[in-house]
Every structure is written in structure tokens, then in C-alpha cells.
>>> print(open('query25.cif').read())   # mmCIF, C-alpha atoms and all ligand atoms
data_upload
#
loop_
_atom_site.label_atom_id
_atom_site.label_comp_id
_atom_site.auth_asym_id
_atom_site.auth_seq_id
_atom_site.Cartn_x
_atom_site.Cartn_y
_atom_site.Cartn_z
CA MET A 150 -20.75 3.02 -4.46
CA PHE A 151 -17.32 4.17 -3.36
CA ILE A 152 -14.34 2.55 -5.09
CA THR A 153 -10.73 3.48 -4.34
CA PHE A 154 -7.57 2.67 -6.30
CA GLU A 155 -4.26 2.04 -4.61
CA GLY A 156 -0.72 1.07 -5.54
CA ILE A 157 2.80 2.40 -5.69
CA GLU A 158 3.83 4.99 -8.25
CA GLY A 159 3.64 3.93 -11.89
CA THR A 160 1.03 1.18 -11.55
CA GLY A 161 -1.39 2.95 -13.92
CA LYS A 162 -4.05 4.01 -11.41
CA SER A 163 -5.22 7.04 -13.37
CA THR A 164 -5.44 5.10 -16.64
CA GLN A 165 -7.51 2.39 -14.95
CA ILE A 166 -9.78 4.93 -13.30
CA GLU A 167 -10.49 6.56 -16.67
CA LEU A 168 -11.18 3.17 -18.30
CA LEU A 169 -13.54 2.15 -15.50
CA LYS A 170 -15.30 5.51 -15.61
CA ALA A 171 -15.96 5.09 -19.35
CA HIS A 172 -17.24 1.56 -18.75
CA LEU A 173 -19.62 2.64 -15.98
CA GLU A 174 -20.89 5.57 -18.01
CA THR A 175 -21.85 3.23 -20.84
CA GLN A 176 -24.09 1.54 -18.23
CA GLY A 177 -25.74 4.91 -17.63
CA ARG A 178 -24.14 5.56 -14.26
CA ARG A 179 -23.05 8.96 -13.07
CA VAL A 180 -19.40 8.81 -12.05
CA LEU A 181 -17.23 11.22 -10.08
CA VAL A 182 -13.46 10.81 -10.37
CA THR A 183 -11.44 12.33 -7.57
CA LEU A 184 -8.07 11.95 -5.86
CA GLU A 185 -6.02 12.31 -2.70
CA PRO A 186 -4.22 14.40 -1.81
CA GLY A 187 -5.94 17.35 -3.49
CA GLY A 188 -9.56 16.36 -4.12
CA SER A 189 -11.04 19.49 -2.54
CA ARG A 190 -10.17 23.19 -2.86
CA ILE A 191 -8.35 23.24 0.47
CA GLY A 192 -6.87 19.85 -0.35
CA ALA A 193 -5.27 21.28 -3.48
CA GLU A 194 -3.32 23.66 -1.27
CA LEU A 195 -2.31 20.82 1.03
CA ARG A 196 -1.23 18.76 -1.98
CA ARG A 197 1.22 21.45 -3.04
CA VAL A 198 2.77 21.48 0.43
CA LEU A 199 2.90 17.68 0.60
CA LEU A 200 4.46 16.96 -2.78
CA SER A 201 6.84 19.86 -3.26
CA LEU A 202 10.55 19.04 -3.23
CA GLU A 203 11.03 22.33 -1.34
CA ASN A 204 9.48 20.59 1.65
CA ARG A 205 11.98 17.79 2.09
CA ASP A 206 12.17 18.85 5.74
CA LEU A 207 8.51 17.94 6.40
CA CYS A 208 8.69 15.50 9.32
CA ALA A 209 6.84 12.17 9.19
CA ARG A 210 4.21 13.14 11.78
CA ALA A 211 3.42 16.51 10.22
CA GLU A 212 3.13 14.82 6.83
CA LEU A 213 0.69 12.31 8.31
CA PHE A 214 -1.59 15.00 9.71
CA LEU A 215 -1.64 16.91 6.42
CA TYR A 216 -2.79 13.76 4.59
CA LEU A 217 -5.45 13.20 7.24
CA ALA A 218 -6.60 16.83 7.05
CA ASP A 219 -6.85 16.52 3.28
CA ARG A 220 -8.91 13.34 3.71
CA ALA A 221 -11.33 14.73 6.27
CA GLN A 222 -12.05 17.76 4.08
CA HIS A 223 -12.34 15.63 0.94
CA VAL A 224 -14.80 13.20 2.54
CA ALA A 225 -16.96 15.97 4.01
CA GLN A 226 -17.01 18.28 1.02
CA VAL A 227 -16.71 16.00 -2.02
CA VAL A 228 -17.04 12.24 -1.50
CA ARG A 229 -19.99 12.02 0.89
CA PRO A 230 -22.16 14.56 -1.00
CA ALA A 231 -21.48 12.78 -4.31
CA LEU A 232 -22.43 9.39 -2.84
CA GLU A 233 -25.56 10.87 -1.32
CA ALA A 234 -26.46 12.24 -4.76
CA GLY A 235 -26.25 8.69 -6.14
CA GLN A 236 -22.96 8.96 -7.99
CA VAL A 237 -20.34 6.24 -8.21
CA VAL A 238 -17.16 7.74 -6.75
CA LEU A 239 -13.78 6.57 -8.06
CA CYS A 240 -10.91 7.85 -5.93
CA ASP A 241 -7.20 7.75 -6.77
CA ARG A 242 -5.66 6.86 -3.36
CA PHE A 243 -7.42 6.94 0.01
CA VAL A 244 -6.98 5.47 3.52
CA ASP A 245 -4.70 2.62 2.46
CA SER A 246 -2.10 5.02 1.03
CA THR A 247 -1.63 6.39 4.54
CA VAL A 248 -1.06 2.93 5.96
CA ALA A 249 1.25 1.86 3.12
CA TYR A 250 3.35 5.05 2.92
CA GLN A 251 3.29 6.51 6.43
CA ALA A 252 3.32 3.20 8.33
CA TYR A 253 5.13 0.65 6.16
CA GLY A 254 7.17 3.30 4.29
CA ARG A 255 7.99 5.77 7.07
CA GLY A 256 7.76 3.48 10.08
CA LEU A 257 4.71 4.80 11.97
CA ASP A 258 2.41 2.28 13.61
CA ALA A 259 -0.13 0.79 11.18
CA ASP A 260 -2.86 0.15 13.74
CA MET A 261 -2.59 3.66 15.10
CA LEU A 262 -2.93 5.03 11.56
CA HIS A 263 -5.95 2.82 11.01
CA GLY A 264 -7.54 4.52 14.02
CA LEU A 265 -6.65 7.99 12.72
CA ASN A 266 -8.03 7.10 9.29
CA SER A 267 -11.26 6.12 10.95
CA LEU A 268 -11.42 9.54 12.62
CA ALA A 269 -10.76 11.26 9.27
CA VAL A 270 -13.35 9.33 7.22
CA ASP A 271 -16.09 9.53 9.86
CA GLY A 272 -17.59 6.15 8.97
CA LEU A 273 -17.17 6.44 5.22
CA TRP A 274 -14.98 3.49 4.19
CA PRO A 275 -14.68 2.34 0.57
CA ASP A 276 -17.02 -0.41 -0.66
CA LEU A 277 -14.16 -1.77 -2.74
CA THR A 278 -10.45 -1.02 -3.00
CA ILE A 279 -8.50 -2.10 -6.05
CA LEU A 280 -4.83 -2.61 -5.34
CA LEU A 281 -2.79 -2.43 -8.54
CA ASP A 282 0.21 -4.55 -7.66
CA LEU A 283 3.53 -4.17 -9.43
CA GLU A 284 7.21 -4.64 -8.58
CA ALA A 285 8.63 -1.42 -7.16
CA GLU A 286 11.42 -1.29 -9.72
CA VAL A 287 9.01 -1.48 -12.66
CA GLY A 288 6.62 1.05 -11.14
CA LEU A 289 9.32 3.58 -10.36
CA THR A 290 10.86 3.36 -13.82
CA ARG A 291 7.42 4.07 -15.30
CA ALA A 292 6.72 6.93 -12.89
CA VAL A 293 10.05 8.65 -13.56
CA ALA A 294 9.51 8.39 -17.33
CA ARG A 295 5.99 9.83 -16.97
CA ASN A 296 7.13 12.72 -14.80
CA GLN A 297 9.88 13.60 -17.24
CA ALA A 298 7.44 13.48 -20.15
CA GLU A 299 5.09 15.79 -18.25
CA GLY A 300 7.96 18.08 -17.23
CA LYS A 301 7.09 17.92 -13.52
CA THR A 302 10.30 16.62 -12.01
CA VAL A 303 10.69 19.44 -9.52
CA ALA A 304 7.21 20.38 -8.31
CA GLU A 305 5.81 16.86 -7.86
CA GLY A 306 8.83 14.71 -7.23
CA ARG A 307 9.13 14.30 -3.46
CA PHE A 308 8.04 10.67 -3.42
CA GLU A 309 9.67 9.66 -6.68
CA ALA A 310 12.93 10.84 -5.10
CA GLU A 311 12.58 8.18 -2.39
CA SER A 312 14.70 5.05 -2.69
CA LEU A 313 13.71 1.80 -4.29
CA ALA A 314 13.82 0.21 -0.83
CA PHE A 315 11.18 2.70 0.37
CA HIS A 316 8.83 1.86 -2.49
CA ASP A 317 9.35 -1.82 -1.97
CA ARG A 318 8.37 -1.44 1.69
CA VAL A 319 5.26 0.44 0.55
CA ARG A 320 4.39 -2.35 -1.88
CA GLN A 321 4.87 -5.03 0.78
CA GLY A 322 2.77 -2.91 3.15
CA TYR A 323 -0.09 -2.79 0.68
CA LYS A 324 0.05 -6.57 0.34
CA ALA A 325 0.05 -7.11 4.10
CA TRP A 326 -2.88 -4.72 4.50
CA ALA A 327 -4.80 -6.41 1.67
CA ALA A 328 -4.36 -9.72 3.50
CA ARG A 329 -5.82 -8.11 6.61
CA PHE A 330 -8.91 -6.80 4.78
CA PRO A 331 -9.41 -9.42 2.06
CA GLN A 332 -13.09 -8.59 1.48
CA ARG A 333 -12.57 -4.91 0.78
CA ILE A 334 -9.08 -4.80 -0.77
CA ARG A 335 -8.67 -6.83 -3.96
CA SER A 336 -5.30 -7.11 -5.62
CA VAL A 337 -4.91 -6.98 -9.41
CA ASP A 338 -1.66 -7.80 -11.23
CA ALA A 339 -0.63 -4.50 -12.86
CA SER A 340 2.14 -5.89 -15.05
CA GLY A 341 -0.08 -6.66 -18.05
CA THR A 342 -1.61 -4.48 -20.76
CA PRO A 343 -3.96 -1.62 -19.77
CA GLU A 344 -6.87 -3.44 -21.47
CA GLY A 345 -6.12 -6.70 -19.65
CA ILE A 346 -5.92 -4.95 -16.31
CA ALA A 347 -9.16 -3.05 -17.05
CA ALA A 348 -10.94 -6.34 -17.72
CA ALA A 349 -9.74 -7.70 -14.36
CA VAL A 350 -10.98 -4.53 -12.66
CA ARG A 351 -14.40 -4.84 -14.31
CA ARG A 352 -14.66 -8.45 -13.11
CA LEU A 353 -14.40 -7.11 -9.55
CA VAL A 354 -16.64 -4.07 -9.95
CA ASP A 355 -19.51 -5.33 -12.12
CA PRO A 356 -20.80 -8.02 -9.71
CA LEU A 357 -20.69 -5.57 -6.83
CA LEU A 358 -22.72 -2.97 -8.73
CA ALA A 359 -25.20 -5.61 -9.87
CA GLU A 360 -25.67 -6.57 -6.21
CA THR A 361 -26.38 -2.97 -5.18
CA ARG A 362 -28.96 -2.65 -7.88
CA LEU A 363 -30.75 -5.73 -6.59
CA ASN A 364 -30.67 -4.39 -3.05
CA ALA A 365 -31.75 -0.89 -4.04
P1 LIG B 401 0.55 11.46 -6.79
O1 LIG B 401 1.20 12.39 -7.73
O2 LIG B 401 -0.94 11.46 -6.71
O3 LIG B 401 1.11 10.01 -7.03
P2 LIG B 401 0.54 8.88 -7.94
O4 LIG B 401 0.47 9.46 -9.31
O5 LIG B 401 1.53 7.79 -7.80
O6 LIG B 401 -0.79 8.53 -7.34
O7 LIG B 401 1.20 11.74 -5.38
C1 LIG B 401 0.68 11.31 -4.25
C2 LIG B 401 1.80 10.88 -3.34
O8 LIG B 401 1.37 11.01 -1.99
C3 LIG B 401 2.18 9.45 -3.57
O9 LIG B 401 3.58 9.33 -3.64
C4 LIG B 401 1.70 8.75 -2.32
C5 LIG B 401 1.63 9.82 -1.29
N1 LIG B 401 0.59 9.63 -0.28
C6 LIG B 401 0.94 9.29 1.02
O10 LIG B 401 2.13 9.15 1.33
N2 LIG B 401 -0.04 9.14 1.97
C7 LIG B 401 -1.35 9.32 1.69
O11 LIG B 401 -2.21 9.18 2.58
C8 LIG B 401 -1.72 9.67 0.34
C9 LIG B 401 -3.16 9.88 -0.03
C10 LIG B 401 -0.72 9.81 -0.62
#
>>> encode(input="query25.cif", output="C-alpha cells")
Amino acid sequence: MFITFEGIEGTGKSTQIELLKAHLETQGRRVLVTLEPGGSRIGAELRRVLLSLENRDLCARAELFLYLADRAQHVAQVVRPALEAGQVVLCDRFVDSTVAYQAYGRGLDADMLHGLNSLAVDGLWPDLTILLDLEAEVGLTRAVARNQAEGKTVAEGRFEAESLAFHDRVRQGYKAWAARFPQRIRSVDASGTPEGIAAAVRRLVDPLLAETRLNA
């Protein structure tokens, strides 16, 4: 079972992934938590290039291909082997980040990016995508506070430095894409408490896992 988490900055993706991991492990499942960009050894190098403020001059098309390269390597080396070994894979960002950020955020064509994503994932699409939905202003305020607390304003700030309008376009893009793939992408209101959001996430995941067990 391959579950991805999406949303703008500051929606609490990593907190929710950890809560879901703990929940699944109490059911005796083996869980792998991973992320994009940076889920493989080579991907970690690409992540540094992608997120560094030094690289403000990275053009939109080059940025796109680095995300896709990261994804292809991640799928081949990490995600597919883990799924084949029977693990549940929880991934922080995946294909829909490319559509939301590079298409709706940067202005590239969404359908073209969908095609490129399909090349990168080589048939391996998520079984379920949880979209943590939050107003851009709230998300950004949270993300800036978190980055300051973690002291990583310079090395990891390229996207946080983008305007509120950019993040709002990304959020609207996620919503539009979720409406296009309503079976796979399920939106969860991320404005509540972490526990409340986690319960909503479990209500989406548990029935799906129960189904797989029956089919297994
Ligand atoms: P990260 O620090 O992981 O952000 P967050 O904590 O919000 O998940 O940084 C990843 C950044 O990369 C994030 O701003 C979104 C961006 N991104 C894209 O633009 N396209 C992509 O395909 C992916 C995977 C991420």
C-alpha cells in the first residue's frame, strides 16, 4: 500500500505521517516513511540543489527535471522495493507536488507534467493521496515559525521565500487536481488539532487497508 501526503508548506504533513505510522504499527504493519525530494542517496544531493537559496537562478524547466529525476530514482531504489517487500509506504510529497508547484505555481502545463510524472513513476501511482488543505496564509505563517525554530532559514528557504500569491496558486492547484482525481486524492481540512486531523486520516486509510487484507 502506497500512501502519499500533499499540501502547501505548514499543513503538518510530517506530523500526520508520524501519527499514521504509529497507528499502523500498532496493527502490526511494517511501515516505511520517506519523502521527496531527497528520499534516496542521490535524491539527497538533488534536494540540496533544489532547496538552497543559493540557487535562486534555477529556471522553472531545470527545476522540474530535477524533481522528476529525484522521483524516478526514489521509485526505483526505495519505494518499489519496499512495496514489493510488503511494507506500507508513507511518502511526504510525490507526483501531485510537481503538478501543484511547477504547473499551478510556476505556470507550466499541468497535463504535460502529468505525462512526465507518468514517465518518472513507471506505473507506480499512489493507492491513496491525502491532501492536507489549509489557507496559504496560515500555512506559511506556520512554516516560517518552524523554520526559524529549527534554524534553517538560509539552507532550506527557497520556497518559503515565495510570495503568498504563489502559495495560494499552489493550494488552488491542489484542489483542482483533487477534483480531477477524486478517487485517489482525498482532501482533509488541516486547520484543526493534530489529533483531529489524524482521526480524519485514519478514517480514509483504515477501510482501504482492510480491503487489501480481504483481497490478499
Ligand atoms: P520541504 O522542506 O520538504 O517542504 P515541506 O516541509 O513543506 O514538505 O521542501 C520541499 C519543497 O519542494 C516544497 O516547497 C515543495 C517543493 N516541491 C516542488 O516544487 N515540486 C515537487 O515535485 C516536489 C516533490 C516538491
>>> atom_distance(input="query25.cif", atom1="atom CA of A:Leu281", atom2="atom CA of A:Met261")
24.4 Å
>>> residues_near_ligand(input="query25.cif", ligand="ligand LIG 401 (chain B)", cutoff="9 Å", atoms="only C-alpha atoms and all ligand atoms", output="count of residues only")
42
>>> atom_distance(input="query25.cif", atom1="atom CA of A:Ser340", atom2="atom CA of A:Val237")
26.4 Å
>>> atom_distance(input="query25.cif", atom1="atom CA of A:Leu262", atom2="atom CA of A:Val224")
17.0 Å
>>> closest_residue(input="query25.cif", among="A:Thr290, A:Ser267, A:Gln236, A:Ser312", to="A:Val180", atoms="all atoms listed in the file")
A:Gln236
>>> residues_around(input="query25.cif", residues="A:Asp338", least_positions_apart="3", cutoff="8 Å", atoms="all atoms listed in the file", output="MDAnalysis selection string")
chainID A and resid 281:283 341 346
>>> closest_residue(input="query25.cif", among="A:Ala348, A:Leu257, A:Ala314, A:Leu357", to="A:Cys208", atoms="all atoms listed in the file")
A:Leu257
>>> residues_around(input="query25.cif", residues="A:Leu181", least_positions_apart="4", cutoff="12 Å", atoms="only C-alpha atoms", output="PDB file with C-alpha atoms, keeping the file's coordinate frame")
ATOM      1  CA  MET A 150     -20.750   3.020  -4.460  1.00  0.00           C
ATOM      2  CA  PHE A 151     -17.320   4.170  -3.360  1.00  0.00           C
ATOM      3  CA  ILE A 152     -14.340   2.550  -5.090  1.00  0.00           C
ATOM      4  CA  THR A 153     -10.730   3.480  -4.340  1.00  0.00           C
ATOM      5  CA  ILE A 166      -9.780   4.930 -13.300  1.00  0.00           C
ATOM      6  CA  GLU A 167     -10.490   6.560 -16.670  1.00  0.00           C
ATOM      7  CA  LEU A 169     -13.540   2.150 -15.500  1.00  0.00           C
ATOM      8  CA  LYS A 170     -15.300   5.510 -15.610  1.00  0.00           C
ATOM      9  CA  ALA A 171     -15.960   5.090 -19.350  1.00  0.00           C
ATOM     10  CA  LEU A 173     -19.620   2.640 -15.980  1.00  0.00           C
ATOM     11  CA  GLU A 174     -20.890   5.570 -18.010  1.00  0.00           C
ATOM     12  CA  GLY A 188      -9.560  16.360  -4.120  1.00  0.00           C
ATOM     13  CA  VAL A 227     -16.710  16.000  -2.020  1.00  0.00           C
ATOM     14  CA  VAL A 228     -17.040  12.240  -1.500  1.00  0.00           C
ATOM     15  CA  ARG A 229     -19.990  12.020   0.890  1.00  0.00           C
ATOM     16  CA  PRO A 230     -22.160  14.560  -1.000  1.00  0.00           C
ATOM     17  CA  ALA A 231     -21.480  12.780  -4.310  1.00  0.00           C
ATOM     18  CA  LEU A 232     -22.430   9.390  -2.840  1.00  0.00           C
ATOM     19  CA  ALA A 234     -26.460  12.240  -4.760  1.00  0.00           C
ATOM     20  CA  GLY A 235     -26.250   8.690  -6.140  1.00  0.00           C
ATOM     21  CA  GLN A 236     -22.960   8.960  -7.990  1.00  0.00           C
ATOM     22  CA  VAL A 237     -20.340   6.240  -8.210  1.00  0.00           C
ATOM     23  CA  VAL A 238     -17.160   7.740  -6.750  1.00  0.00           C
ATOM     24  CA  LEU A 239     -13.780   6.570  -8.060  1.00  0.00           C
ATOM     25  CA  CYS A 240     -10.910   7.850  -5.930  1.00  0.00           C
ATOM     26  CA  ASP A 241      -7.200   7.750  -6.770  1.00  0.00           C
TER      27      ASP A 241
END
>>> closest_residue(input="query25.cif", among="A:Ala294, A:Ile334, A:Asp276, A:Phe154", to="A:Glu360", atoms="all atoms listed in the file")
A:Asp276
>>> closest_residue(input="query25.cif", among="A:Ser201, A:Gln222, A:Leu358, A:Arg335", to="A:Ser189", atoms="all atoms listed in the file")
A:Gln222
>>> residues_near_point(input="query25.cif", point="(-14.0, -2.9, -0.6)", cutoff="7 Å", atoms="only C-alpha atoms", output="number ranges by chain")
A: 275-278, 332-334
